[in-house]
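Q: Contents of structure.cif (mmCIF, C-alpha atoms and all ligand atoms) are below:
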```cif
data_upload
loop_
_atom_site.label_atom_id
_atom_site.label_comp_id
_atom_site.auth_asym_id
_atom_site.auth_seq_id
_atom_site.Cartn_x
_atom_site.Cartn_y
_atom_site.Cartn_z
CA MET A 1 111.67 42.14 56.60
CA LYS A 2 108.16 42.88 55.39
CA ALA A 3 107.36 42.65 51.65
CA SER A 4 106.77 46.42 51.42
CA GLU A 5 110.16 47.11 53.05
CA ALA A 6 111.88 44.99 50.43
CA THR A 7 110.24 46.93 47.58
CA GLN A 8 111.11 50.18 49.33
CA LEU A 9 114.75 49.16 49.63
CA TYR A 10 115.01 48.47 45.91
CA PHE A 11 113.40 51.87 45.32
CA GLU A 12 115.83 53.65 47.68
CA ASN A 13 118.89 52.04 46.05
CA ALA A 14 117.84 53.44 42.69
CA ALA A 15 116.66 56.78 44.13
CA ASP A 16 120.21 57.27 45.48
CA LYS A 17 121.56 56.95 41.94
CA VAL A 18 119.30 59.73 40.63
CA ASP A 19 119.74 61.95 43.70
CA LEU A 20 116.04 62.07 44.44
CA ASP A 21 115.42 64.32 47.43
CA ASP A 22 113.72 63.08 50.59
CA ARG A 23 110.43 64.89 50.03
CA MET A 24 110.04 63.45 46.55
CA ARG A 25 110.92 59.98 47.85
CA LYS A 26 108.20 60.30 50.45
CA LEU A 27 105.69 61.41 47.84
CA LEU A 28 106.53 58.64 45.39
CA LEU A 29 106.58 55.91 48.03
CA ALA A 30 103.28 56.59 49.77
CA ALA A 31 100.15 54.99 48.35
CA LYS A 32 97.38 57.34 47.17
CA ARG A 33 94.70 55.22 48.76
CA GLU A 34 94.46 51.99 50.75
CA VAL A 35 91.10 50.36 51.12
CA GLN A 36 90.20 47.43 53.35
CA VAL A 37 86.72 45.93 53.16
CA GLN A 38 84.68 43.21 54.76
CA VAL A 39 83.57 40.48 52.37
CA ALA A 40 80.81 38.55 54.12
CA VAL A 41 79.31 35.67 52.14
CA GLU A 42 76.97 32.80 52.67
CA LEU A 43 78.64 29.43 52.14
CA ASP A 44 76.87 26.52 50.41
CA ASN A 45 76.06 25.01 53.82
CA GLY A 46 74.27 28.19 54.90
CA GLU A 47 77.01 29.41 57.26
CA ILE A 48 78.40 32.93 57.01
CA GLU A 49 82.09 33.40 56.22
CA THR A 50 83.66 36.81 56.83
CA LEU A 51 86.71 37.56 54.69
CA VAL A 52 88.92 40.64 54.34
CA GLY A 53 89.58 42.25 50.96
CA TYR A 54 92.03 44.99 49.95
CA ARG A 55 92.72 47.42 47.12
CA VAL A 56 95.80 49.60 47.32
CA GLN A 57 96.11 52.36 44.72
CA HIS A 58 99.70 53.43 44.74
CA ASP A 59 100.22 56.05 42.04
CA ASN A 60 98.30 57.55 39.11
CA SER A 61 100.64 60.20 37.79
CA ARG A 62 101.17 58.36 34.48
CA GLY A 63 97.60 57.20 33.95
CA PRO A 64 94.83 55.08 35.48
CA MET A 65 96.10 52.62 38.04
CA LYS A 66 96.53 49.01 37.01
CA GLY A 67 97.17 45.75 38.77
CA GLY A 68 95.90 42.31 39.61
CA LEU A 69 93.69 40.82 42.28
CA ARG A 70 95.16 37.99 44.32
CA PHE A 71 93.08 35.38 46.12
CA HIS A 72 95.47 33.64 48.50
CA PRO A 73 95.61 32.82 52.24
CA ASP A 74 98.81 34.92 52.65
CA VAL A 75 97.22 38.14 51.35
CA ASP A 76 97.47 41.02 53.82
CA LEU A 77 97.68 44.79 53.61
CA ASP A 78 101.47 44.85 53.62
CA GLU A 79 101.77 42.37 50.75
CA VAL A 80 99.19 44.22 48.67
CA ARG A 81 100.93 47.53 49.40
CA SER A 82 104.22 46.15 48.17
CA LEU A 83 102.66 44.62 45.05
CA ALA A 84 100.82 47.87 44.25
CA ALA A 85 104.10 49.81 44.29
CA LEU A 86 105.72 47.13 42.11
CA MET A 87 102.94 47.71 39.56
CA THR A 88 103.75 51.44 39.43
CA TRP A 89 107.41 50.74 38.66
CA LYS A 90 106.53 47.89 36.29
CA CYS A 91 104.15 49.98 34.18
CA ALA A 92 106.64 52.84 34.14
CA VAL A 93 109.67 50.82 33.10
CA VAL A 94 107.72 49.16 30.28
CA ASN A 95 106.32 52.60 29.44
CA LEU A 96 102.62 51.77 29.63
CA PRO A 97 100.38 54.80 30.33
CA TYR A 98 99.39 53.47 33.73
CA GLY A 99 100.01 53.89 37.42
CA GLY A 100 100.04 50.98 39.84
CA ALA A 101 97.52 49.26 42.11
CA LYS A 102 96.91 45.82 43.56
CA GLY A 103 94.22 44.05 45.48
CA GLY A 104 93.21 40.78 46.92
CA ILE A 105 91.28 38.73 49.39
CA CYS A 106 92.78 36.66 52.16
CA VAL A 107 91.19 33.34 51.18
CA ASP A 108 92.19 29.95 49.82
CA PRO A 109 90.14 29.70 46.61
CA LYS A 110 90.75 25.93 46.47
CA LYS A 111 88.64 25.56 49.59
CA LEU A 112 85.64 27.32 48.04
CA SER A 113 83.07 25.76 45.72
CA HIS A 114 82.63 27.35 42.31
CA LYS A 115 79.45 29.09 43.44
CA GLU A 116 81.08 30.30 46.67
CA LEU A 117 83.97 31.72 44.65
CA GLU A 118 81.53 33.60 42.47
CA ARG A 119 79.66 34.98 45.50
CA VAL A 120 82.92 36.09 47.15
CA THR A 121 84.00 37.84 43.94
CA ARG A 122 80.69 39.63 43.43
CA LYS A 123 80.51 40.68 47.07
CA PHE A 124 84.03 42.10 46.86
CA VAL A 125 83.02 44.13 43.79
CA ASP A 126 79.97 45.40 45.70
CA GLN A 127 82.38 46.79 48.29
CA ILE A 128 84.90 48.42 45.93
CA HIS A 129 83.02 49.13 42.65
CA ASP A 130 83.06 52.88 43.20
CA ILE A 131 86.86 53.09 43.44
CA PHE A 132 87.74 51.24 40.22
CA GLY A 133 86.78 51.55 36.57
CA PRO A 134 88.20 52.05 33.04
CA HIS A 135 89.68 55.49 33.76
CA THR A 136 90.63 55.19 37.41
CA ASP A 137 91.92 51.74 38.31
CA ILE A 138 91.68 48.56 36.24
CA PRO A 139 91.99 45.18 38.01
CA ALA A 140 93.28 42.00 36.36
CA PRO A 141 94.13 38.40 37.29
CA ASP A 142 96.95 37.47 39.64
CA MET A 143 97.64 34.46 41.83
CA GLY A 144 94.43 32.50 42.55
CA THR A 145 92.26 34.43 40.09
CA ASN A 146 91.50 33.76 36.41
CA HIS A 147 89.53 34.90 33.37
CA GLU A 148 86.23 33.56 34.70
CA ILE A 149 86.60 35.64 37.87
CA MET A 150 87.39 38.70 35.71
CA SER A 151 84.16 38.07 33.81
CA TRP A 152 82.17 38.05 37.06
CA ILE A 153 83.94 41.27 38.10
CA ARG A 154 82.98 42.95 34.85
CA ASN A 155 79.39 41.77 35.09
CA GLN A 156 79.03 42.93 38.69
CA TRP A 157 80.69 46.31 38.03
CA GLU A 158 78.44 46.91 35.01
CA LYS A 159 75.35 46.41 37.19
CA TYR A 160 76.31 49.68 38.89
CA HIS A 161 77.92 51.61 36.05
CA GLY A 162 76.63 50.24 32.73
CA PHE A 163 78.40 48.55 29.83
CA ASN A 164 82.14 49.08 29.82
CA PRO A 165 84.31 45.97 29.45
CA ALA A 166 87.46 48.09 29.88
CA CYS A 167 86.74 48.16 33.65
CA VAL A 168 88.80 44.97 34.11
CA THR A 169 91.30 43.02 31.98
CA GLY A 170 92.20 39.36 31.68
CA LYS A 171 88.65 38.49 30.65
CA PRO A 172 87.92 35.38 28.54
CA ALA A 173 89.21 35.88 24.97
CA GLU A 174 85.75 35.14 23.52
CA HIS A 175 84.10 37.70 25.77
CA TYR A 176 85.95 41.02 25.47
CA GLY A 177 89.32 39.57 26.54
CA ALA A 178 92.50 39.85 24.47
CA GLU A 179 93.80 36.90 22.50
CA GLY A 180 97.01 35.77 24.14
CA ARG A 181 96.41 37.43 27.53
CA GLU A 182 96.58 34.14 29.39
CA GLU A 183 99.94 33.12 27.93
CA ALA A 184 101.33 36.67 28.04
CA THR A 185 103.26 36.71 31.33
CA GLY A 186 104.96 33.35 30.68
CA ARG A 187 105.56 34.18 27.03
CA GLY A 188 107.08 37.50 28.08
CA VAL A 189 109.45 35.69 30.46
CA GLY A 190 110.47 33.50 27.50
CA ILE A 191 110.96 36.43 25.12
CA LEU A 192 113.12 38.21 27.69
CA ALA A 193 115.16 35.09 28.47
CA PHE A 194 115.96 34.96 24.78
CA LYS A 195 117.00 38.63 24.64
CA LEU A 196 119.10 38.27 27.76
CA LEU A 197 120.98 35.28 26.37
CA GLY A 198 121.68 37.23 23.20
CA ARG A 199 123.30 40.02 25.23
CA LEU A 200 125.31 37.52 27.24
CA GLY A 201 126.52 35.82 24.04
CA ARG A 202 125.01 32.45 24.94
CA LYS A 203 122.89 29.97 23.05
CA PRO A 204 119.52 28.52 24.13
CA LYS A 205 120.56 24.92 23.42
CA ASP A 206 123.47 25.26 25.87
CA THR A 207 121.20 26.72 28.54
CA ARG A 208 119.65 24.42 31.12
CA VAL A 209 116.66 25.98 32.86
CA ALA A 210 114.91 25.20 36.15
CA ILE A 211 111.46 26.72 36.57
CA GLN A 212 109.82 26.93 39.98
CA GLY A 213 106.04 27.01 39.56
CA PHE A 214 103.90 25.44 36.85
CA GLY A 215 100.93 27.77 37.14
CA ASN A 216 99.97 30.24 34.45
CA VAL A 217 103.40 31.94 34.38
CA GLY A 218 105.71 28.91 34.75
CA MET A 219 103.71 26.77 32.36
CA HIS A 220 103.77 29.23 29.47
CA ALA A 221 107.39 30.18 30.12
CA ALA A 222 108.35 26.48 29.98
CA LYS A 223 106.43 26.02 26.73
CA PHE A 224 108.02 29.03 25.05
CA LEU A 225 111.55 28.16 26.21
CA HIS A 226 111.21 24.52 25.17
CA GLU A 227 110.03 25.56 21.71
CA ALA A 228 112.90 28.09 21.51
CA ASP A 229 115.41 25.22 22.04
CA PHE A 230 116.28 25.91 25.69
CA LYS A 231 116.78 22.78 27.79
CA VAL A 232 114.09 22.88 30.48
CA VAL A 233 115.48 20.32 32.97
CA ALA A 234 113.25 21.00 35.98
CA ILE A 235 109.71 22.19 36.68
CA SER A 236 107.69 22.22 39.87
CA ASP A 237 104.38 22.91 41.52
CA VAL A 238 102.98 22.49 45.02
CA SER A 239 103.20 18.69 44.63
CA GLY A 240 107.02 18.90 44.34
CA ALA A 241 109.70 19.34 41.67
CA TYR A 242 110.45 17.16 38.65
CA TYR A 243 113.97 16.87 37.25
CA ARG A 244 115.32 15.29 34.07
CA PRO A 245 118.93 16.24 33.24
CA GLU A 246 118.44 15.44 29.51
CA GLY A 247 115.50 17.85 29.37
CA ILE A 248 111.81 17.49 30.22
CA ASP A 249 109.29 16.93 27.47
CA VAL A 250 107.35 20.10 28.29
CA ALA A 251 104.45 19.27 25.98
CA LYS A 252 103.96 16.00 27.88
CA ALA A 253 104.14 17.76 31.24
CA LEU A 254 101.61 20.36 30.12
CA HIS A 255 99.27 17.68 28.88
CA TYR A 256 99.69 15.76 32.14
CA SER A 257 99.04 18.78 34.35
CA LEU A 258 95.97 19.90 32.41
CA ASN A 259 94.52 16.39 32.62
CA HIS A 260 95.20 16.05 36.33
CA GLY A 261 93.46 19.12 37.69
CA ARG A 262 96.47 21.38 36.99
CA SER A 263 98.76 19.25 39.11
CA LEU A 264 101.96 17.36 38.30
CA THR A 265 101.35 14.81 41.10
CA GLY A 266 102.35 11.41 39.73
CA PHE A 267 104.23 12.77 36.68
CA GLU A 268 106.67 9.94 36.00
CA GLU A 269 108.66 11.28 33.05
CA ALA A 270 111.16 12.91 35.43
CA GLU A 271 112.80 12.28 38.79
CA ARG A 272 110.84 13.62 41.73
CA ILE A 273 112.91 16.07 43.84
CA SER A 274 111.96 18.73 46.39
CA ASN A 275 111.33 22.39 45.63
CA THR A 276 114.38 23.19 47.78
CA GLU A 277 116.55 20.94 45.61
CA LEU A 278 115.26 22.65 42.47
CA ILE A 279 116.63 26.01 43.67
CA GLY A 280 120.13 24.50 43.97
CA LEU A 281 120.22 22.53 40.71
CA ASN A 282 123.23 22.68 38.42
CA VAL A 283 121.63 24.85 35.72
CA GLU A 284 122.52 28.04 33.88
CA MET A 285 119.13 29.72 34.34
CA LEU A 286 116.69 29.73 37.23
CA ILE A 287 113.15 31.09 36.92
CA PRO A 288 111.21 31.49 40.18
CA ALA A 289 107.66 31.77 38.89
CA ALA A 290 105.54 31.01 41.95
CA LEU A 291 105.44 32.75 45.32
CA GLY A 292 107.39 35.78 46.53
CA GLY A 293 110.27 35.55 49.01
CA VAL A 294 111.59 32.14 47.94
CA ILE A 295 115.28 33.05 47.62
CA THR A 296 116.59 34.14 51.00
CA MET A 297 119.80 34.15 53.05
CA ASP A 298 118.96 30.54 53.98
CA ASN A 299 119.28 29.17 50.47
CA VAL A 300 121.18 31.79 48.46
CA ASN A 301 124.44 29.88 48.78
CA GLN A 302 122.88 26.81 47.19
CA ILE A 303 122.12 28.67 43.96
CA ARG A 304 124.33 27.60 41.08
CA ALA A 305 122.53 29.32 38.21
CA ASN A 306 124.21 32.46 36.94
CA ILE A 307 121.10 33.91 35.32
CA ILE A 308 117.82 34.44 37.21
CA LEU A 309 114.58 35.73 35.71
CA GLU A 310 111.96 36.78 38.24
CA GLY A 311 108.73 35.35 36.81
CA ALA A 312 107.06 35.85 40.22
CA ASN A 313 106.72 39.19 41.98
CA GLY A 314 109.37 39.72 44.67
CA PRO A 315 110.93 36.22 44.74
CA ILE A 316 114.37 37.40 45.96
CA HIS A 317 114.96 38.86 49.41
CA PRO A 318 117.12 42.04 49.21
CA ASP A 319 119.98 40.52 51.27
CA ALA A 320 120.10 37.52 48.96
CA ASP A 321 119.90 39.88 45.97
CA ARG A 322 123.00 41.71 47.20
CA ILE A 323 124.93 38.45 47.56
CA LEU A 324 123.90 37.24 44.12
CA ASN A 325 124.98 40.57 42.62
CA GLU A 326 128.36 40.32 44.33
CA ARG A 327 128.74 36.86 42.84
CA GLY A 328 128.06 38.29 39.37
CA VAL A 329 124.72 36.54 38.86
CA THR A 330 122.63 38.34 36.22
CA ILE A 331 119.11 38.96 37.56
CA LEU A 332 116.31 40.25 35.38
CA PRO A 333 113.96 41.82 37.96
CA ASP A 334 110.23 41.13 38.26
CA ILE A 335 109.22 44.62 37.11
CA VAL A 336 110.68 43.78 33.69
CA ALA A 337 110.68 39.97 33.58
CA ASN A 338 106.98 39.44 34.28
CA ALA A 339 105.67 42.61 32.61
CA GLY A 340 104.23 40.65 29.66
CA GLY A 341 100.94 40.15 31.53
CA VAL A 342 100.19 43.79 32.19
CA THR A 343 101.39 44.68 28.68
CA VAL A 344 98.74 42.48 27.09
CA SER A 345 96.25 43.76 29.67
CA TYR A 346 97.01 47.20 28.26
CA PHE A 347 96.30 45.89 24.73
CA GLU A 348 93.01 44.42 26.00
CA TRP A 349 92.00 47.74 27.56
CA VAL A 350 92.87 49.65 24.37
CA GLN A 351 90.83 47.21 22.27
CA ASN A 352 87.87 47.46 24.68
CA LEU A 353 87.93 51.25 24.55
CA GLN A 354 88.02 51.15 20.75
CA HIS A 355 85.51 48.29 20.39
CA TYR A 356 87.97 46.58 18.08
CA LYS A 357 89.63 43.18 18.36
CA TRP A 358 93.17 42.24 17.38
CA GLY A 359 94.23 38.76 16.27
CA LEU A 360 96.74 36.65 18.22
CA ASN A 361 99.63 37.42 15.86
CA ARG A 362 99.24 41.14 16.33
CA VAL A 363 99.11 40.75 20.12
CA ARG A 364 102.29 38.64 20.08
CA GLN A 365 104.14 41.04 17.78
CA GLU A 366 103.24 44.09 19.84
CA LEU A 367 104.18 42.27 23.05
CA ASP A 368 107.56 41.42 21.60
CA HIS A 369 108.03 45.02 20.55
CA VAL A 370 107.12 46.55 23.95
CA LEU A 371 109.26 44.11 25.94
CA THR A 372 112.24 44.36 23.61
CA GLN A 373 112.24 48.13 23.83
CA ALA A 374 112.02 48.05 27.63
CA PHE A 375 114.73 45.41 27.89
CA ASP A 376 117.12 47.34 25.61
CA GLN A 377 116.62 50.52 27.65
CA VAL A 378 117.24 48.73 30.94
CA TRP A 379 120.33 46.99 29.56
CA GLN A 380 121.70 50.31 28.30
CA GLU A 381 121.02 52.09 31.59
CA ALA A 382 122.72 49.29 33.55
CA ASN A 383 125.79 49.51 31.33
CA ASP A 384 125.95 53.31 31.41
CA ARG A 385 125.71 53.44 35.18
CA GLN A 386 127.45 50.18 35.92
CA VAL A 387 124.59 49.01 38.12
CA SER A 388 122.46 45.86 38.29
CA LEU A 389 119.55 45.38 35.91
CA ARG A 390 117.23 45.82 38.90
CA THR A 391 118.66 49.18 39.88
CA ALA A 392 118.66 50.27 36.23
CA ALA A 393 114.99 49.28 35.84
CA TYR A 394 114.04 51.22 38.98
CA VAL A 395 116.08 54.24 37.85
CA ILE A 396 114.15 54.40 34.56
CA ALA A 397 110.81 53.86 36.33
CA ILE A 398 111.47 56.44 39.04
CA ARG A 399 112.62 58.98 36.46
CA ARG A 400 109.38 58.57 34.49
CA VAL A 401 107.05 58.68 37.49
CA HIS A 402 108.94 61.62 38.97
CA ARG A 403 108.74 63.54 35.68
CA ALA A 404 104.99 62.89 35.34
CA THR A 405 104.44 64.01 38.94
CA VAL A 406 106.38 67.22 38.38
CA LEU A 407 104.70 67.97 35.03
CA ALA A 408 101.21 67.56 36.51
CA GLY A 409 102.01 69.63 39.60
CA ILE A 410 100.92 68.82 43.11
N1 LIG B 501 98.93 40.51 38.07
C1 LIG B 501 99.80 40.76 36.96
C2 LIG B 501 101.08 41.44 37.42
O1 LIG B 501 101.49 41.31 38.55
C3 LIG B 501 99.10 41.47 35.83
C4 LIG B 501 98.48 42.78 36.15
C5 LIG B 501 97.61 43.36 35.04
O2 LIG B 501 97.45 42.71 34.01
O3 LIG B 501 97.10 44.45 35.24
O4 LIG B 501 101.76 42.06 36.66
#
```
Would you encode the structure as C-alpha cells?
Ligand code: GLU

A:
Amino acid sequence: MKASEATQLYFENAADKVDLDDRMRKLLLAAKREVQVQVAVELDNGEIETLVGYRVQHDNSRGPMKGGLRFHPDVDLDEVRSLAALMTWKCAVVNLPYGGAKGGICVDPKKLSHKELERVTRKFVDQIHDIFGPHTDIPAPDMGTNHEIMSWIRNQWEKYHGFNPACVTGKPAEHYGAEGREEATGRGVGILAFKLLGRLGRKPKDTRVAIQGFGNVGMHAAKFLHEADFKVVAISDVSGAYYRPEGIDVAKALHYSLNHGRSLTGFEEAERISNTELIGLNVEMLIPAALGGVITMDNVNQIRANIILEGANGPIHPDADRILNERGVTILPDIVANAGGVTVSYFEWVQNLQHYKWGLNRVRQELDHVLTQAFDQVWQEANDRQVSLRTAAYVIAIRRVHRATVLAGI
C-alpha cells in the first residue's frame, strides 16, 4: 500500500462516520496543486547533480497552507502527497488557521557538504519561490532539514519578494525564529503522553517508555518524559537501539549524542539491541518517532505496549492499526501527537507578522493550551462515538475543513 493510500483510508473511515458524500470526499481528498521541479546544482568537485524537488499544496480552505520540507532519499511524489494531506488534517484538528502542504527533495543530506546543501536549498527556492509565501503556503523543517536551512530559504525568498520573515518558519531563534520551536514537536509528544496517562488513570513513574528515533522529535520527547518522571527504558537511532530496564539516564544520552555528531554509536550506559527488538519490548508506552511505516503486519504481533503515541508521521500501517485497535491498544495518532511542531510554527508566523517576540515561557504555555484543548476534544469525540482516537481526530478535522469549504463556496 502506498503512503497516500494509507492516509486516504484513515480519511475514509472517518468520512463514513460523518456521512460525507462521495463528491465532497473527492473534493477534500484531491490536492489543490502538485509541483515537481528539477534542482540542478554544481557539486564541490565541479560535477553537476540533478535532483528532483516537490511541493504539494493540499488544501487552503482554512487558511494559508503549512507544512515542512523533507530532505531524504525516500522522498517521492506519493510520500509528499500523503504528508501534505496529513498536514491539512493536523492543522484542522489542532484548530490552527491553516491548510496543509508538504515538500521535499529526494536527496541524502548527509552525503552533501555544507556548501552543497546550501546551494541545493537555494536552487530549490529559485524553482518554487512564486508558489509559497506568508499568505499562501509557509514551509518549515521536517526530516533532514533544520533551522539553518530555513534561514537560507528565507534569505533566498526575500531576494525575489523583499523582507518578510513570515515566509517560512522554524528559523533560528535569534533570527526571527520562535523560542522553543526546535523542542516543540518532542515537547508536544511529552505533554500529550502526560494528558493521555491522566485519562487512562495511570502514573508516569509506573510507565516504561520505548522511543524509536533520537532525532529532533525523539530526543526532546525523551527529555520531557524523563523530567516528568516517566521511565524511559529504550531509545534508538540509525546506529541501533539502547535498552536499560531500570531506566536510561536521558541527560547522559543527550549529552553523548550531541558530542558524537548526533549519534548514539558507542553509548555504553545501556544494552545495545536492534531497532526490531525495541518495537517488541515489554513496556507500557511505545513512541515511534522516526520514519513512517515502521509498524506493519510483519511486526504488529510483537508489540507489547498498550499505549502508542505517533511521534513520526504515518508510522503505523492501516492493517496493523486495525489489529492494534482490536487488541485494545490506545493509539494517539500523528495528526494530534506530533502537532506541537506546527503549533509553535504558527506562533512564529504570528510573531513575524506582528514584529513582536514572545519569551520561551509564553511559547510553552500557549503550546500546552492548544494541545490540551485539541486532546480533550478528540478524547470527547472518541468517547461520544465509541471510535478510536484516530477516527475521532479525523472526524473533527474533516468536519472543520468541510465546513470551511462550504462556507467559502466553490
Ligand atoms: N514538519 C512538521 C510536521 O510534520 C512541522 C510543520 C510546520 O511546522 O509547518 O508537522

Q: Can you pull out every residue within 10 Å of region 389-392 of chain A, counting all atoms listed in the file, but drop anything in the same chain fewer than 4 positions away, and send it as a ChimeraX atom specification?

A: /A:10-17,93,321,325,330-336,375,377-385,396-398

Q: Which residue gives the smallest distance to Val344 (chain A) among A:Pro165, A:Pro134, A:Gly63, A:Gly188, with only C-alpha atoms counted?

A: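 Counting only C-alpha atoms, the residue closest to Val344 (chain A) is A:Gly188.
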
Q: Looking at only C-alpha atoms, which of A:Trp358, A:Phe132, A:Tyr256, A:Tyr243 is the one that sits closest to Glu277 (chain A)?

A: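 Nearest candidate to Glu277 (chain A) out of A:Trp358, A:Phe132, A:Tyr256, A:Tyr243: A:Tyr243.
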
Q: Pick the closest to ligand LIG 501 (chain B) from A:Gly341, A:Gly409, A:Gly247, A:Gly261: which is it, counting all atoms listed in the file?

A: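 Comparing A:Gly341, A:Gly409, A:Gly247, A:Gly261 against ligand LIG 501 (chain B), the winner is A:Gly341.
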
Q: Check which residues of chain A sit at most 8 Å from ligand LIG 501 (chain B) using only C-alpha atoms and all ligand atoms, and return one row each with the closest pair of atoms and their distance in Å to one decimal, ordered by chain and rising number, as a Markdown table.

A:
```
| residue | atom | partner | partner_atom | distance |
| --- | --- | --- | --- | --- |
| A:Lys66 | CA | B:LIG501 | O3 | 4.9 |
| A:Gly67 | CA | B:LIG501 | O3 | 3.8 |
| A:Gly68 | CA | B:LIG501 | N1 | 3.8 |
| A:Leu69 | CA | B:LIG501 | N1 | 6.7 |
| A:Arg70 | CA | B:LIG501 | N1 | 7.7 |
| A:Leu83 | CA | B:LIG501 | O1 | 7.4 |
| A:Met87 | CA | B:LIG501 | O4 | 6.5 |
| A:Lys90 | CA | B:LIG501 | O4 | 7.5 |
| A:Lys102 | CA | B:LIG501 | N1 | 7.9 |
| A:Ile138 | CA | B:LIG501 | O3 | 6.9 |
| A:Pro139 | CA | B:LIG501 | O3 | 5.9 |
| A:Ala140 | CA | B:LIG501 | O3 | 4.7 |
| A:Pro141 | CA | B:LIG501 | N1 | 5.3 |
| A:Asp142 | CA | B:LIG501 | N1 | 4.0 |
| A:Met143 | CA | B:LIG501 | N1 | 7.2 |
| A:Thr169 | CA | B:LIG501 | O2 | 6.5 |
| A:Gly170 | CA | B:LIG501 | O2 | 6.6 |
| A:Thr185 | CA | B:LIG501 | O4 | 7.7 |
| A:Ala312 | CA | B:LIG501 | O1 | 8.0 |
| A:Asn313 | CA | B:LIG501 | O1 | 6.6 |
| A:Ile335 | CA | B:LIG501 | O4 | 7.9 |
| A:Asn338 | CA | B:LIG501 | O4 | 6.3 |
| A:Ala339 | CA | B:LIG501 | O4 | 5.7 |
| A:Gly340 | CA | B:LIG501 | O4 | 7.6 |
| A:Gly341 | CA | B:LIG501 | C3 | 4.9 |
| A:Val342 | CA | B:LIG501 | O2 | 3.5 |
| A:Thr343 | CA | B:LIG501 | O2 | 6.9 |
| A:Val344 | CA | B:LIG501 | O2 | 7.0 |
| A:Ser345 | CA | B:LIG501 | O2 | 4.6 |
| A:Tyr346 | CA | B:LIG501 | O2 | 7.3 |
```

Q: I'd like to know which of A:Val233, A:Val37, A:Ile287, A:Val107 is closest to Ile316 (chain A), using all atoms listed in the file.

A: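 Comparing A:Val233, A:Val37, A:Ile287, A:Val107 against Ile316 (chain A), the winner is A:Ile287.
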
Q: Out of A:Ser239, A:Ser274, A:Gln212, A:Ser388, which residue has the shortest atom-to-atom distance to Leu286 (chain A) when counting all atoms listed in the file?

A: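 Looking only at the distances to Leu286 (chain A), the closest residue turns out to be A:Gln212.
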
Q: Which residue, A:Ala193, A:Ile303, A:Leu360, A:Leu77, has the smallest gap to Asn282 (chain A) when you use only C-alpha atoms?

A: A:Ile303

Q: When you draw a straight line from CA of Glu179 (chain A) to CA of Pro97 (chain A), how long is it in Å?

A: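 Pair CA of Glu179 (chain A) / CA of Pro97 (chain A) returns 20.6 Å.
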
Q: Just want the 12 Å neighbourhood of Lys110 (chain A), counted on all atoms listed in the file, with same-chain residues fewer than 2 positions away dropped. Output as a ChimeraX atom specification.

A: /A:71-73,107-108,112-114,116-117,143-145,261-262

Q: Any idea what the distance is between CA of Lys195 (chain A) and CA of Asn361 (chain A)?

A: 19.5 Å

Q: Using only C-alpha atoms, determine which residues lie at most 12 Å from Arg362 (chain A), disregarding the query and same-chain residues fewer than 5 positions distant; provide the list as JSON, numbers by chain.

A: {"A": [178, 179, 180, 344, 347, 348, 351, 357, 367, 368, 369]}

Q: In Å to one decimal, how far is CA of Asp126 (chain A) from CA of Arg154 (chain A)?

A: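 If I compute the distance from CA of Arg154 (chain A) to CA of Asp126 (chain A), I get 11.5 Å.
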
Q: Find the residues around Phe267 (chain A) up to 9 Å (only C-alpha atoms counted), leave out those fewer than 4 positions away in its own chain, and share them as number ranges by chain.

A: A: 242, 253, 256-257, 263, 271-272

Q: Can you pull out the residues contacting Glu5 (chain A)? Cut-off 10 Å, using all atoms listed in the file, and skip same-chain residues under 3 positions away; I want them as a list of chain:residue names.

A: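 Contacts, in chain order: A:Met1, A:Lys2, A:Gln8, A:Leu9, A:Tyr10, A:Phe11, A:Asp78, A:Glu79, A:Arg81, A:Ser82, A:Pro318.
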
Q: Can you take the partial region 379-389 of chain A, add N, CA and C atoms, and return it as an mmCIF file, in the frame of the given file?

A:
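Writing the result to selection-v3.cif gives the following:
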```
data_model
loop_
_atom_site.group_PDB
_atom_site.id
_atom_site.type_symbol
_atom_site.label_atom_id
_atom_site.label_comp_id
_atom_site.auth_asym_id
_atom_site.auth_seq_id
_atom_site.Cartn_x
_atom_site.Cartn_y
_atom_site.Cartn_z
ATOM 1 N N TRP A 379 118.963 47.497 29.779
ATOM 2 C CA TRP A 379 120.330 46.990 29.560
ATOM 3 C C TRP A 379 121.303 48.168 29.381
ATOM 4 N N GLN A 380 120.870 49.130 28.572
ATOM 5 C CA GLN A 380 121.700 50.310 28.300
ATOM 6 C C GLN A 380 121.963 51.104 29.582
ATOM 7 N N GLU A 381 120.899 51.319 30.343
ATOM 8 C CA GLU A 381 121.020 52.090 31.590
ATOM 9 C C GLU A 381 121.978 51.387 32.564
ATOM 10 N N ALA A 382 121.857 50.063 32.638
ATOM 11 C CA ALA A 382 122.720 49.290 33.550
ATOM 12 C C ALA A 382 124.180 49.424 33.121
ATOM 13 N N ASN A 383 124.413 49.374 31.813
ATOM 14 C CA ASN A 383 125.790 49.510 31.330
ATOM 15 C C ASN A 383 126.334 50.910 31.544
ATOM 16 N N ASP A 384 125.503 51.922 31.249
ATOM 17 C CA ASP A 384 125.950 53.310 31.410
ATOM 18 C C ASP A 384 126.308 53.614 32.849
ATOM 19 N N ARG A 385 125.497 53.119 33.761
ATOM 20 C CA ARG A 385 125.710 53.440 35.180
ATOM 21 C C ARG A 385 126.516 52.404 35.930
ATOM 22 N N GLN A 386 126.761 51.294 35.263
ATOM 23 C CA GLN A 386 127.450 50.180 35.920
ATOM 24 C C GLN A 386 126.712 49.733 37.180
ATOM 25 N N VAL A 387 125.416 49.498 37.008
ATOM 26 C CA VAL A 387 124.590 49.010 38.120
ATOM 27 C C VAL A 387 123.881 47.735 37.678
ATOM 28 N N SER A 388 123.202 47.082 38.626
ATOM 29 C CA SER A 388 122.460 45.860 38.290
ATOM 30 C C SER A 388 121.269 46.193 37.404
ATOM 31 N N LEU A 389 120.732 45.166 36.757
ATOM 32 C CA LEU A 389 119.550 45.380 35.910
ATOM 33 C C LEU A 389 118.379 45.860 36.770
#
```
